[in-house]
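Trainee: Submitted below is the structure of interest, expressed as structure tokens.
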Amino acid sequence: MSAIAEAAPAKLNLYLHVVGRRDDGYHELDSLVAFADVADRVTVQPGVARIALRGVDLPPVGPRLAISGPFGPALMGENPANNLVIRAAHALAARLGREADAMIVLEKVLPIASGIGGGSADAAATLRALARLWGVPVTDPRLYEIAASLGADVPVCVAGRSCYFGGVGEVLEEAPALPETFAVLVNPGVPVPTPAVFKARKGIVKRTFSAPARFTEAPADAAALAALLKERRNDLTEPALTVAPVIADALAALEGTDGCLLARLSGSGATCFGLYADAEAAAEAARSIQAAQPRWWAKSARLLPTPADAPPLPKGLVAPSAVTTAPAPPVPFPDTGGWGVG
């Protein structure tokens with residue numbers, strides 16, 4: 001079989017409300033999620049299932065992961081066993097009762113720990129690609145069940161389309177169709193771990209939790225969408241600013257561009273986004289910000305529409321817990337020598 005490729009698009013939290021906290025410490029959220037057409041890319045192909053060395057039949061040597069792209073080197077210092085792509089491959093193979101014999105290439109173009117679901121999107125793309133490689137329908141509910149065990153953002157990234165996100169990531173519900181909207185994504189080059197932001201929030205938030213804020217009517221255009229979003233917020237912005245104050249500079253840069261309808265932090269940051277009514281305004285905004293801040297990452301993009309034939313969203317996913325969370329593989333790369341660089 002030839003190689004199979006899947007895009008891992010950037011996830012944007014158009015708004016994000018923290019609506020509660022469970023006894024186990026997980027926060028419950030309400031968010032409208034959209035995806036942009038700037039993406040990592042995951043490519044899979046069959047690997048060697050077993051090898052014989054000096055007459056001994058050795059265990060599988062996969063999954064093997066090669067990394068390319070501008071943000072690939074940032075992953076090289078991490079423990080491979082914690083990489084969500086590897087964990088997704090192991091979890092799916094285990095659920096299917098097969099060996100994880102695959103070669104995976106990750107082209108990493110999205111910043112690391114940036115609030116746009118990069119690692120989660122990569123894991124989701126890996127699940128979709130391996131499902132195709134191994135003859136599993138991409139609508140198979142097991143993909144979502146595994147996704148929920150990998151992290152809060154992984155199920156919505158498996159869906160890969162605009163929807164409401166609730167619970168701790170396991171509740172996905174249909175959202176109104178979004179109008180054609182363009183965006184500029186800006187990351188000031190500072191990784192922001194999500195746990196640090198929630199820890200900061202605990203120290204500064206004195207009020208009660210926010211209420212869910214879903215709307216049911218489809219906005220007529222990008223300006224109408226921005227107006228609705230201005231009535232909502234990202235509850236993680238204030239704590240994220242205490243972790244990475246430079247986020248304020250990124251928001252100000254977006255707000256200062258012509259045609260920006262809304263500037264907001266995505267997720268726990270540090271990536272911020274601006275919404276625009278047309279592609280030219282977004283492209284010019286990205287160029288001007290990149291010229292003023294050459295060390296930042298700035299990209300113009302289009303919000304992806306929901307395909308007309310999109311399958312229904314899953315129902316009844318189990319929220320992650322100590323029992324359901326997929327563990328890191330105990331031996332990430334037998335006989336491979338660690339990371340590969342594509």
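Residues in the structure tokens are named by chain (A, B, ... in the order shown) and by number from 1 within that chain; ligands are numbered from 1 in the order shown.
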Pull the helix (DSSP H, G or I) assignments for region 50-195 of chain A out of DSSP run on the backbone, and list those residues as number ranges by chain.

Mentor: A: 73-75, 80-82, 84-96, 118-133, 141-150, 154-159, 194-195

Trainee: Using only C-alpha atoms, determine which residues lie at most 7 Å from region 8-19 of chain A, disregarding the query and same-chain residues fewer than 2 positions distant; provide the list as a ChimeraX atom specification.

Mentor: /A:6,27-41,116-118,121-122,125,209-212,229,232-235,266-267

Trainee: Just want the 12 Å neighbourhood of region 254-262 of chain A, counted on only C-alpha atoms, with same-chain residues fewer than 2 positions away dropped. Output as a VMD selection string.

Mentor: chain A and resid 14 to 15 181 to 188 221 to 233 247 to 252 264 to 265 271 to 290 292 to 293 298 to 300

Trainee: Work out how far apart CA of Val246 (chain A) and CA of Pro195 (chain A) are and give it in Å to one decimal.

Mentor: 18.3 Å
